[in-house]
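Working notes, beginning with the structure itself.
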Amino acid sequence: MTIAQASSERSEAETRLEVVDADVHPIWRSIEELREFTPEPWRTRDFGEFEPASKRVVQLYPSPHGHGARLDSLPPDGGPAASDPEFTAKQLFERAGVTYAILIPLGPRPQVNPEHDLANCMACNTWLAETWLSKENHRDIYRGSLRVPTADPELAVREIERWAGDARFVQVMLDPGHQTPLGWPQFHKVYEAAERHGLAVAFHPIKASGIRFLTPAGFPSYFLDQHAQLSHIVAAQLTSLVFEGVFDKFPDLRVAAVEGGFGWAAPLIWRLDRNWKALRSEVPWVRRPPSEYIREQVRFTTQPFEEAEKPAHLDATMSLVGSEKFFLFATDYPHWDADDPQWIFRHLPKQLRSGILRDNALEFYRLPARDQAAVDV
Amino acid sequence: MSKRRVVVAHVDELAPGDVKIVPEGKFGVGVFNVGGEYFALTNYCPHRGAPLCRGKVTGMTEATDPYECAWVREGEILRCPWHGWEFAIKSGTTVTEPKRQVKMYPVIVEGDTILLETGDVR
């Protein structure tokens with residue numbers, strides 16, 4: 001590519017880039033916003049006169065930078081990063097025309113008590129519906145993810161049913177670090193409910209107090225160590241879903257693997273197919289090659305975008321998965337390791353660009369295409 | 001052909017540890033005061049294009065052995081506001097990939113005025 005080509009491509013992109021962003025993390029301006037949405041007895045317990053609930057969240061593996069957000073994402077009027085829907089929209093639009101942003105709130109950290117977890121999830125879902133997904137959704141770009149207690153499928157289904165038919169929510173988020181394989185039969189009712197209500201399921205890592213981020217080798221020492229290994233947990237959960245027969249049992253189930261990277265996706269698919277061909281007799285309910293289920297029912301987000309040593313290697317990695325619909329663009333805004341849409345655009349294989357940036361997500365999340373002019377700032 | 005000069009600030013406005021971003025060029029230029037010396041870096045991270053000069057001025061860790069962690073070069077390191085890459089303000093080079101360098105400009109002090117020298121005047 002000549003320099004002239006590169007610069008004309010860039011200016012074209014900057015004016016015309018349209019994306020669906022599959023991973024944006026909104027947060028409340030203050031946790032007090034959740035008080036009215038939190039059911040008792042948890043309202044009294046968490047918002048009592050003593051220690052506020054927000055102070056009791058102790059995350060394992062804090063970042064060495066001392067903050068989790070891009071420093072330039074702090075709203076000018078104060079509050080945490082991505083607590084202001086308008087400023088968030090402005091910052092997203094600064095770099096791309098965002099036709100939709102899929103919100104994945106990480107505010108409620110998984111609790112060991114599933115009833116407490118449910119109360120926090122309920123409060124978060126109502127809060128999101130009342131704010132970013134309605135009165136503060138001025139451009140109608142935001143769509144939501146339901147938070148549910150991953151540890152307790154009964155309670156998770158109860159919360160999914162509470163929002164049945166509400167088109168503001170497009171998926172259910174599960175915690176892949178939940179320490180049990182999520183293909184196990186007790187979780188099938190969650191997939192059944194999601195499928196029945198037309199909701200996708202997103203596996204998105206979430207840090208919590210207590211024992212989390214188990215790697216196949218145990219618990220790592222460093223933030224860097226666990227962060228680099230997010231891939232493993234996603235690979236393990238997808239493998240579990242395949243071999244426990246989840247994709248076969250729920251053919252309309254759609255799963256988004258969010259923030260686990262993607263450079264490993266094609267080799268995982270090969271490996272699952274190879275082993276299935278030889279050992280299939282152990283899991284006869286897996287009737288088709290694992291690759292078929294994964295290509296049809298799973299999508300990977302592009303963030304954190306792999307940084308290959310040569311661009312050609314990245315192109316190969318993305319084409320090796322064998323599906324043009326496999327990837328969904330995501331920024332992970334406002335997090336420190338967010339991907340910038342303009343940079344990603346320039347690093348995507350040409351023939352995959354419009355699919356990854358927009359069309360794959362429109363199809364996966366069943367969102368209507370829209371006229372860009374209607375949502376521009 | 002002479003260099004173009006842009007007024008950055010009065011010396012009293014840019015104390016050690018401070019930065020001022022001047023709207024020069026496509027991305028702006030950050031002028032830093034590191035212990036009384038001035039350095040000017042393009043406000044563009046060579047990694048992913050972040051507004052680099054809005055990052056934190058800090059120090060860095062250094063180790064001679066595993067688990068022997070020293071904190072060095074306080075005030076000389078600029079950490080990118082996005083992905084956290086560390087840059088030496090005095091040289092514009094990154095800590096992990098010294099070959100990747102931020103474009104730098106000369107800074108001149110005339111009397112009490114800090115001046116940035118950018119491209120040639122045409």
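How things are named: the first chain in the structure tokens is A, the next is B, and so on; residues count from 1 in each chain; ligands count from 1 in the order shown.
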
* Pick out the chain B residues within 10 Å of chain A. Count only C-alpha atoms. Give them as a PyMOL selection string. => chain B and resi 47-52+54-56+79-84

Keeping N, CA and C atoms for every residue in the selection just given, could you write it to a file as a CSV table (one decimal), in the first residue's frame?
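Contents of out-v6.csv, freshly written:
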```
chain,number,residue,atom,x,y,z
B,47,HIS,N,1.4,3.7,19.2
B,47,HIS,CA,0.8,2.4,19.3
B,47,HIS,C,-0.6,2.4,18.7
B,48,ARG,N,-1.6,3.1,19.2
B,48,ARG,CA,-2.9,3.1,18.7
B,48,ARG,C,-3.5,4.5,18.4
B,49,GLY,N,-2.6,5.6,18.5
B,49,GLY,CA,-3.1,6.9,18.2
B,49,GLY,C,-3.8,7.6,19.3
B,50,ALA,N,-3.6,7.3,20.6
B,50,ALA,CA,-4.2,7.9,21.7
B,50,ALA,C,-3.7,9.4,21.9
B,51,PRO,N,-4.4,10.2,22.5
B,51,PRO,CA,-3.8,11.6,22.9
B,51,PRO,C,-2.8,11.4,24.0
B,52,LEU,N,-1.6,11.0,23.6
B,52,LEU,CA,-0.6,10.6,24.5
B,52,LEU,C,-0.3,11.5,25.7
B,54,ARG,N,-2.0,13.5,27.3
B,54,ARG,CA,-3.0,13.5,28.3
B,54,ARG,C,-2.8,12.4,29.3
B,55,GLY,N,-1.8,11.6,29.2
B,55,GLY,CA,-1.4,10.5,30.1
B,55,GLY,C,-0.8,11.1,31.4
B,56,LYS,N,-0.5,10.1,32.2
B,56,LYS,CA,0.0,10.5,33.6
B,56,LYS,C,1.6,10.6,33.5
B,79,ARG,N,2.9,7.9,30.9
B,79,ARG,CA,2.1,6.7,30.6
B,79,ARG,C,0.9,7.0,29.8
B,80,CYS,N,0.7,6.4,28.7
B,80,CYS,CA,-0.3,6.6,27.7
B,80,CYS,C,-1.7,6.5,28.4
B,81,PRO,N,-2.6,7.4,28.1
B,81,PRO,CA,-3.9,7.4,28.8
B,81,PRO,C,-4.8,6.2,28.4
B,82,TRP,N,-4.5,5.5,27.3
B,82,TRP,CA,-5.3,4.4,26.8
B,82,TRP,C,-4.7,3.1,27.3
B,83,HIS,N,-3.7,2.6,26.6
B,83,HIS,CA,-3.2,1.2,26.9
B,83,HIS,C,-2.1,1.2,27.9
B,84,GLY,N,-1.6,2.4,28.4
B,84,GLY,CA,-0.6,2.4,29.4
B,84,GLY,C,0.8,2.2,29.0
```

* To do: Considering only C-alpha atoms, return as a ChimeraX atom specification whatever protein or nucleic-acid residues lie within 6 Å of region 255-259 of chain A, sequence-local ones (same chain, fewer than 3 positions apart) excluded.
  => /A:200-204,298-301,303-304

* Which neighbours of Leu116 (chain B) fall inside 7 Å, counting only C-alpha atoms, when residues of the same chain fewer than 4 positions from it are skipped, and could you give them as a PyMOL selection string? -> chain B and resi 5-8+106-108

Let's have the selection written as a JSON list (two decimals), in the first residue's frame, with all heavy atoms.
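Generated file (selection38.json):
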```json
[["chain", "number", "residue", "atom", "x", "y", "z"],
["B", 5, "ARG", "N", 8.08, 29.57, 15.25],
["B", 5, "ARG", "CA", 8.08, 29.52, 16.71],
["B", 5, "ARG", "C", 6.69, 29.83, 17.27],
["B", 5, "ARG", "O", 6.03, 30.74, 16.80],
["B", 5, "ARG", "CB", 9.09, 30.51, 17.28],
["B", 5, "ARG", "CG", 10.51, 30.03, 17.04],
["B", 5, "ARG", "CD", 11.50, 30.95, 17.69],
["B", 5, "ARG", "NE", 12.85, 30.41, 17.58],
["B", 5, "ARG", "CZ", 13.90, 30.94, 18.18],
["B", 5, "ARG", "NH1", 13.77, 32.03, 18.90],
["B", 5, "ARG", "NH2", 15.07, 30.38, 18.05],
["B", 6, "VAL", "N", 6.31, 29.09, 18.24],
["B", 6, "VAL", "CA", 4.98, 29.24, 18.84],
["B", 6, "VAL", "C", 5.15, 29.47, 20.33],
["B", 6, "VAL", "O", 5.92, 28.75, 20.98],
["B", 6, "VAL", "CB", 4.13, 27.96, 18.63],
["B", 6, "VAL", "CG1", 2.76, 28.11, 19.26],
["B", 6, "VAL", "CG2", 4.03, 27.63, 17.15],
["B", 7, "VAL", "N", 4.46, 30.46, 20.86],
["B", 7, "VAL", "CA", 4.53, 30.71, 22.30],
["B", 7, "VAL", "C", 3.77, 29.61, 23.04],
["B", 7, "VAL", "O", 2.62, 29.32, 22.74],
["B", 7, "VAL", "CB", 3.94, 32.09, 22.65],
["B", 7, "VAL", "CG1", 3.88, 32.28, 24.17],
["B", 7, "VAL", "CG2", 4.76, 33.20, 22.00],
["B", 8, "VAL", "N", 4.45, 29.00, 24.01],
["B", 8, "VAL", "CA", 3.83, 27.94, 24.79],
["B", 8, "VAL", "C", 3.23, 28.51, 26.07],
["B", 8, "VAL", "O", 2.05, 28.34, 26.37],
["B", 8, "VAL", "CB", 4.86, 26.83, 25.15],
["B", 8, "VAL", "CG1", 4.22, 25.76, 26.04],
["B", 8, "VAL", "CG2", 5.42, 26.21, 23.88],
["B", 106, "PRO", "N", 12.02, 20.88, 19.23],
["B", 106, "PRO", "CA", 12.87, 21.69, 20.12],
["B", 106, "PRO", "C", 12.04, 22.70, 20.91],
["B", 106, "PRO", "O", 11.04, 23.24, 20.39],
["B", 106, "PRO", "CB", 13.81, 22.43, 19.16],
["B", 106, "PRO", "CG", 13.66, 21.75, 17.84],
["B", 106, "PRO", "CD", 12.30, 21.14, 17.81],
["B", 107, "VAL", "N", 12.45, 22.95, 22.16],
["B", 107, "VAL", "CA", 11.82, 23.97, 23.00],
["B", 107, "VAL", "C", 12.91, 24.98, 23.36],
["B", 107, "VAL", "O", 14.02, 24.60, 23.73],
["B", 107, "VAL", "CB", 11.23, 23.36, 24.27],
["B", 107, "VAL", "CG1", 10.49, 24.43, 25.08],
["B", 107, "VAL", "CG2", 10.28, 22.22, 23.93],
["B", 108, "ILE", "N", 12.56, 26.24, 23.26],
["B", 108, "ILE", "CA", 13.54, 27.30, 23.53],
["B", 108, "ILE", "C", 12.94, 28.23, 24.58],
["B", 108, "ILE", "O", 11.73, 28.47, 24.58],
["B", 108, "ILE", "CB", 13.80, 28.12, 22.24],
["B", 108, "ILE", "CG1", 14.41, 27.20, 21.17],
["B", 108, "ILE", "CG2", 14.72, 29.30, 22.50],
["B", 108, "ILE", "CD1", 14.08, 27.65, 19.78]]
```

* To do: Write out as a list in words each polymer residue whose atoms come within 12 Å of Glu13 (chain B), counting only C-alpha atoms; drop sequence neighbours fewer than 5 positions from it.
  =>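 After dropping sequence-adjacent residues, the list is Val8, Asp18, Val19, Lys20, Val31, Phe32, Asn33, Asp112, Thr113 and Ile114 of chain B.
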
Residues as selected, all heavy atoms, written as a short mmCIF file (atom, residue, chain, number, x, y, z; two decimals), in the first residue's frame, can you do that?
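part25.cif written:
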```cif
data_model
loop_
_atom_site.label_atom_id
_atom_site.label_comp_id
_atom_site.auth_asym_id
_atom_site.auth_seq_id
_atom_site.Cartn_x
_atom_site.Cartn_y
_atom_site.Cartn_z
N VAL B 8 4.45 29.00 24.01
CA VAL B 8 3.83 27.94 24.79
C VAL B 8 3.23 28.51 26.07
O VAL B 8 2.05 28.34 26.37
CB VAL B 8 4.86 26.83 25.15
CG1 VAL B 8 4.22 25.76 26.04
CG2 VAL B 8 5.42 26.21 23.88
N ASP B 18 4.60 19.68 35.18
CA ASP B 18 3.44 20.15 34.41
C ASP B 18 3.59 19.82 32.92
O ASP B 18 4.69 19.62 32.41
CB ASP B 18 3.30 21.67 34.53
CG ASP B 18 2.71 22.08 35.87
OD1 ASP B 18 2.32 21.17 36.64
OD2 ASP B 18 2.66 23.30 36.14
N VAL B 19 2.45 19.85 32.24
CA VAL B 19 2.44 19.72 30.79
C VAL B 19 1.44 20.73 30.25
O VAL B 19 0.42 21.01 30.89
CB VAL B 19 2.06 18.29 30.34
CG1 VAL B 19 0.73 17.86 30.90
CG2 VAL B 19 2.06 18.18 28.82
N LYS B 20 1.74 21.25 29.09
CA LYS B 20 0.76 22.09 28.38
C LYS B 20 0.65 21.59 26.95
O LYS B 20 1.69 21.43 26.27
CB LYS B 20 1.16 23.55 28.41
CG LYS B 20 0.13 24.44 27.73
CD LYS B 20 0.32 25.91 28.00
CE LYS B 20 -0.79 26.69 27.30
NZ LYS B 20 -0.56 28.14 27.40
N VAL B 31 4.03 20.05 25.78
CA VAL B 31 5.31 20.57 26.26
C VAL B 31 5.40 20.26 27.76
O VAL B 31 4.53 20.65 28.53
CB VAL B 31 5.44 22.08 25.99
CG1 VAL B 31 6.81 22.59 26.48
CG2 VAL B 31 5.26 22.36 24.50
N PHE B 32 6.42 19.52 28.14
CA PHE B 32 6.59 19.04 29.51
C PHE B 32 7.74 19.76 30.19
O PHE B 32 8.77 20.04 29.55
CB PHE B 32 6.91 17.52 29.52
CG PHE B 32 5.79 16.67 29.01
CD1 PHE B 32 5.58 16.52 27.64
CD2 PHE B 32 4.93 16.02 29.89
CE1 PHE B 32 4.55 15.73 27.16
CE2 PHE B 32 3.91 15.22 29.42
CZ PHE B 32 3.71 15.08 28.05
N ASN B 33 7.58 20.01 31.47
CA ASN B 33 8.69 20.48 32.30
C ASN B 33 9.14 19.31 33.18
O ASN B 33 8.41 18.88 34.06
CB ASN B 33 8.23 21.67 33.17
CG ASN B 33 9.37 22.20 34.05
OD1 ASN B 33 10.35 21.50 34.33
ND2 ASN B 33 9.21 23.45 34.49
N ASP B 112 11.40 35.14 29.66
CA ASP B 112 10.50 34.36 30.52
C ASP B 112 9.50 33.56 29.69
O ASP B 112 8.52 33.06 30.23
CB ASP B 112 9.72 35.31 31.46
CG ASP B 112 10.63 35.91 32.50
OD1 ASP B 112 11.66 35.29 32.82
OD2 ASP B 112 10.31 37.02 32.98
N THR B 113 9.75 33.46 28.40
CA THR B 113 8.77 32.82 27.52
C THR B 113 9.29 31.49 27.00
O THR B 113 10.43 31.40 26.53
CB THR B 113 8.45 33.75 26.33
OG1 THR B 113 8.04 35.01 26.85
CG2 THR B 113 7.31 33.17 25.49
N ILE B 114 8.42 30.49 27.10
CA ILE B 114 8.76 29.16 26.55
C ILE B 114 8.23 29.12 25.12
O ILE B 114 7.04 29.40 24.89
CB ILE B 114 8.14 28.03 27.39
CG1 ILE B 114 8.58 28.15 28.85
CG2 ILE B 114 8.51 26.67 26.82
CD1 ILE B 114 7.77 27.31 29.81
#
```

* Asked: Can you list, as a PyMOL selection string, every residue of region 69-287 of chain A that DSSP puts in alpha helix (DSSP H)?
  -> chain A and resi 85-95+114-130+153-162+188-196+223-228+230-243+246-249+265-279

* **Residues of region 50-242 of chain A in strand (DSSP E), written as a VMD selection string** => chain A and resid 97 to 103 142 to 147 169 to 174 200 to 203

* Asked: Neighbours of Gln229 (chain A) within 10 Å (only C-alpha atoms; same-chain residues fewer than 4 positions away dropped), as a list in words?
  ->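 In the requested format, the answer is Phe213, Leu214, Thr215, Pro216, Pro220, Phe223, Leu224, Asp225, Ile233, Val234, Gly260 and Gly261 of chain A.
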
* Which residues come within 12 Å of Met60 (chain B), counting only C-alpha atoms, excluding same-chain residues fewer than 5 positions away, as a PyMOL selection string? -> (chain A and resi 64-65) or (chain B and resi 69-79+84-88+94-96)

Output of the above residues as a PDB file, in the first residue's frame, restricted to C-alpha atoms:
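For reference, result12.pdb as written:
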```pdb
ATOM      1  CA  PRO A  64      -1.049  -1.690  38.059  1.00  0.00           C
ATOM      2  CA  HIS A  65      -2.116   1.620  36.519  1.00  0.00           C
TER       3      HIS A  65
ATOM      4  CA  CYS B  69      11.314  -4.109  42.224  1.00  0.00           C
ATOM      5  CA  ALA B  70      12.668  -0.556  42.253  1.00  0.00           C
ATOM      6  CA  TRP B  71      10.770   2.648  41.466  1.00  0.00           C
ATOM      7  CA  VAL B  72      12.943   4.815  39.243  1.00  0.00           C
ATOM      8  CA  ARG B  73      12.845   7.893  36.978  1.00  0.00           C
ATOM      9  CA  GLU B  74       9.968   9.531  38.874  1.00  0.00           C
ATOM     10  CA  GLY B  75       8.652  12.432  36.793  1.00  0.00           C
ATOM     11  CA  GLU B  76      10.426  11.284  33.627  1.00  0.00           C
ATOM     12  CA  ILE B  77       7.914   8.753  32.362  1.00  0.00           C
ATOM     13  CA  LEU B  78       4.704   9.460  30.494  1.00  0.00           C
ATOM     14  CA  ARG B  79       2.123   6.687  30.612  1.00  0.00           C
ATOM     15  CA  GLY B  84      -0.610   2.361  29.415  1.00  0.00           C
ATOM     16  CA  TRP B  85       2.506   2.208  27.265  1.00  0.00           C
ATOM     17  CA  GLU B  86       5.377   3.958  29.049  1.00  0.00           C
ATOM     18  CA  PHE B  87       7.452   6.635  27.290  1.00  0.00           C
ATOM     19  CA  ALA B  88      10.614   8.410  28.402  1.00  0.00           C
ATOM     20  CA  THR B  94       9.009   3.628  24.680  1.00  0.00           C
ATOM     21  CA  VAL B  95      10.245   1.460  27.511  1.00  0.00           C
ATOM     22  CA  THR B  96       9.352  -1.803  25.793  1.00  0.00           C
TER      23      THR B  96
END
```

* What is the CA of Leu328 (chain A)-CA of Asn360 (chain A) distance in Å, reported with one decimal? ->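 CA of Leu328 (chain A) sits 6.2 Å away from CA of Asn360 (chain A).
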
* For CA of Leu155 (chain A) and CA of Pro114 (chain A), the interatomic separation in Å (one decimal) ->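 Distance between the two atoms: 7.8 Å.
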
* What separation in Å, quoted to one decimal, exists between CA of Ile31 (chain A) and CA of Leu128 (chain A)? -> 12.6 Å

* Show which residues sit within 10 Å of Glu24 (chain B), as a VMD selection string. Count only C-alpha atoms, and ignore same-chain residues fewer than 3 positions away. => chain B and resid 6 21 27 to 30 42 to 43 116 118 to 119
